[in-house]
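**Student:** Once you've had a glance at the structure underneath, I'll fire off some questions.
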Amino acid sequence: MKSLKLHRWNISVKEALDIQNKLSKCVIQQKLDKPVKVLAGCDVAFEKNSYLACAGIVLMSFPELDLIDEKVIFSTIKFPYIQGFLSFRETPALLEIFKTIKAKIDLIFVDGYGIAHPRKFGIASHLGLILDLPTIGCGKTYLIGEYDEPKVDAGDYSWLFYKDEIVGAVVRTKTKVKPIFVSVGHKICLNDAIEFTLKCCKGYRIPEPIRMAHIIVNRNLKEKKLKSVAGK
DNA sequence: GCGACAG
DNA sequence: ATCTTGTCGC
């Protein structure tokens with residue numbers, strides 16, 4: 001699939017900051033304009049003291065959530081992990097895979113935040129803008145903002161505020177289990193993001209597309225380690 | 001200066 | 001993210 005080359009990746013943190021401030025203005029919040037048939041979930045796993053990483057993408061049908069396809073790729077990560085700059089570390093590897101996928105994707109689930117970000121440009125927004133596709137950011141731990149603890153039942157949620165603005169929602173995807181942080185990535189509105197997130201949770205805290213992607217990248221990275229120990 | 005801080 | 005086993009609770 002096509003992807004826009006909005007900037008280089010071999011850059012400094014300052015340049016990355018400028019890019020975020022500039023591109024955040026291009027993010028679009030809107031109701032999904034097309035029916036969703038194909039979902040994608042992506043994730044990246046890293047080897048401990050190394051630059052080796054395994055990026056993976058899973059495609060699923062909606063609303064059935066049947067697995068359509070899965071793909072992983074090993075890559076060398078150069079950008080360090082710095083709070084607020086996660087996308088510059090993980091996006092290049094993910095793009096390598098998206099570029100090889102020919103199927104038409106309607107919506108992408110990203111592990112991390114969208115516009116609920118210090119500069120309104122988390123990895124979900126960044127990836128969505130580059131691929132020009134709707135994306136939802138699903139964070140597992142707190143990053144920014146203020147919120148009230150949502151009620152205990154699956155489906156309950158509360159708004160996430162940042163600078164007097166609603167930037168996301170704290171969603172209880174499973175009864176009596178810690179909620180996740182949902183925010184708009186690109187080309188979707190918060191209500192749709194919450195709705196799709198809930199419809200994609202099948203008994204687990206994490207939406208299936210992301211949960212599956214997480215499983216395959218970890219499995220592949222583990223297998224790669226075993227092979228390197230066994231011989232070559 | 002101190003605390004907070006996606007994966 | 002990654003390092004790691006068993007264990008308490010629904």
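By convention in this document, the chains of the structure tokens carry letters A, B, ... by their order, each chain's residues are numbered from 1, and ligands are numbered from 1 in the order they are shown.
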Fewer than 4 positions away in the same chain doesn't count, so skip those; otherwise give me all residues within 8 Å of Ser24 in chain A, counting only C-alpha atoms (C1' of nucleotides), as a list in words.

**Tutor:** Gln20, Arg119, Lys120, Phe121 and Ser125 of chain A

**Student:** I need the contact residues of chain A against chain B, so if you could list those with any atom within 7 Å, counting only C-alpha atoms (C1' of nucleotides), and return them as a list of chain:residue names, that would help.

**Tutor:**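 For chain A, the answer reads A:Gln83, A:Leu86, A:Gly112, A:Tyr113, A:Gly139, A:Thr141, A:Leu143.
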
**Student:** Just the selected residues (C-alpha atoms), exported as a compact mmCIF listing (two decimals), in the first residue's frame, please.

**Tutor:**
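As a result, part34.txt now contains:
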# COMPACT_ATOMS: atom_id res chain seq x y z
CA GLN A 83 8.83 9.79 26.29
CA LEU A 86 7.79 6.75 20.57
CA GLY A 112 0.22 3.87 22.04
CA TYR A 113 -1.49 7.25 21.98
CA GLY A 139 -2.44 3.12 25.47
CA THR A 141 -0.56 3.02 30.81
CA LEU A 143 0.80 9.39 29.70

**Student:** Can you work out which one of A:Val170, A:Val177, A:Leu127, A:Met1 has the shortest atom-to-atom distance to chain C, counting only C-alpha atoms (C1' of nucleotides)?

**Tutor:**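 For chain C, the nearest of the given residues is A:Val177.
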
**Student:** If you take only C-alpha atoms (C1' of nucleotides) and a cut-off of 10 Å, which residues of chain A touch chain C, and what are their nearest atom pairs and distances in Å to one decimal, in chain and number order, as JSON lines?

**Tutor:**
{"residue": "A:Val44", "atom": "CA", "partner": "C:DA1", "partner_atom": "C1'", "distance": 8.9}
{"residue": "A:Ala45", "atom": "CA", "partner": "C:DA1", "partner_atom": "C1'", "distance": 7.1}
{"residue": "A:Phe46", "atom": "CA", "partner": "C:DA1", "partner_atom": "C1'", "distance": 6.5}
{"residue": "A:Glu47", "atom": "CA", "partner": "C:DT2", "partner_atom": "C1'", "distance": 7.7}
{"residue": "A:Lys48", "atom": "CA", "partner": "C:DT2", "partner_atom": "C1'", "distance": 5.9}
{"residue": "A:Asn49", "atom": "CA", "partner": "C:DT2", "partner_atom": "C1'", "distance": 9.1}
{"residue": "A:Tyr81", "atom": "CA", "partner": "C:DA1", "partner_atom": "C1'", "distance": 8.9}
{"residue": "A:Lys176", "atom": "CA", "partner": "C:DC10", "partner_atom": "C1'", "distance": 9.2}

**Student:** Keeping N, CA and C atoms, export the residues of the selection given above as a tab-separated table (two decimals), in the first residue's frame.

**Tutor:**
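Now in result.tsv:
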chain	number	residue	atom	x	y	z
A	44	VAL	N	5.36	-3.86	18.05
A	44	VAL	CA	6.79	-4.09	17.86
A	44	VAL	C	7.37	-4.67	19.15
A	45	ALA	N	8.22	-5.68	19.01
A	45	ALA	CA	8.87	-6.30	20.16
A	45	ALA	C	10.37	-6.07	20.02
A	46	PHE	N	11.04	-5.85	21.13
A	46	PHE	CA	12.48	-5.58	21.09
A	46	PHE	C	13.29	-6.62	21.83
A	47	GLU	N	14.52	-6.82	21.37
A	47	GLU	CA	15.41	-7.74	22.06
A	47	GLU	C	16.13	-6.90	23.10
A	48	LYS	N	16.36	-7.48	24.25
A	48	LYS	CA	16.91	-6.70	25.37
A	48	LYS	C	18.07	-5.74	25.09
A	49	ASN	N	19.27	-6.23	25.07
A	49	ASN	CA	20.39	-5.30	24.84
A	49	ASN	C	20.82	-5.34	23.38
A	81	TYR	N	14.29	5.20	22.96
A	81	TYR	CA	12.96	5.44	23.50
A	81	TYR	C	13.02	6.70	24.36
A	176	LYS	N	-14.01	-5.02	35.85
A	176	LYS	CA	-13.07	-5.09	36.99
A	176	LYS	C	-11.60	-5.25	36.60

**Student:** Write out as a list of chain:residue names which residues come within 6 Å of range 58-75 of chain A when counting only C-alpha atoms (C1' of nucleotides), dropping same-chain ones fewer than 4 positions away.

**Tutor:**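 That gives A:Lys37, A:Val38, A:Leu39, A:Ala40, A:Gly41, A:Leu52, A:Ala53, A:Cys54, A:Ala213.
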
**Student:** Select from range 76-219 of chain A everything DSSP, run on the backbone, classes as alpha helix (DSSP H), then give the selection as a ChimeraX atom specification.

**Tutor:** /A:87-98,123-131,190-199,208-219

**Student:** In Å, how far is it from CA of Leu198 in chain A to CA of Pro92 in chain A?

**Tutor:**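 Atom-to-atom, CA of Leu198 in chain A to CA of Pro92 in chain A, that is 28.3 Å.
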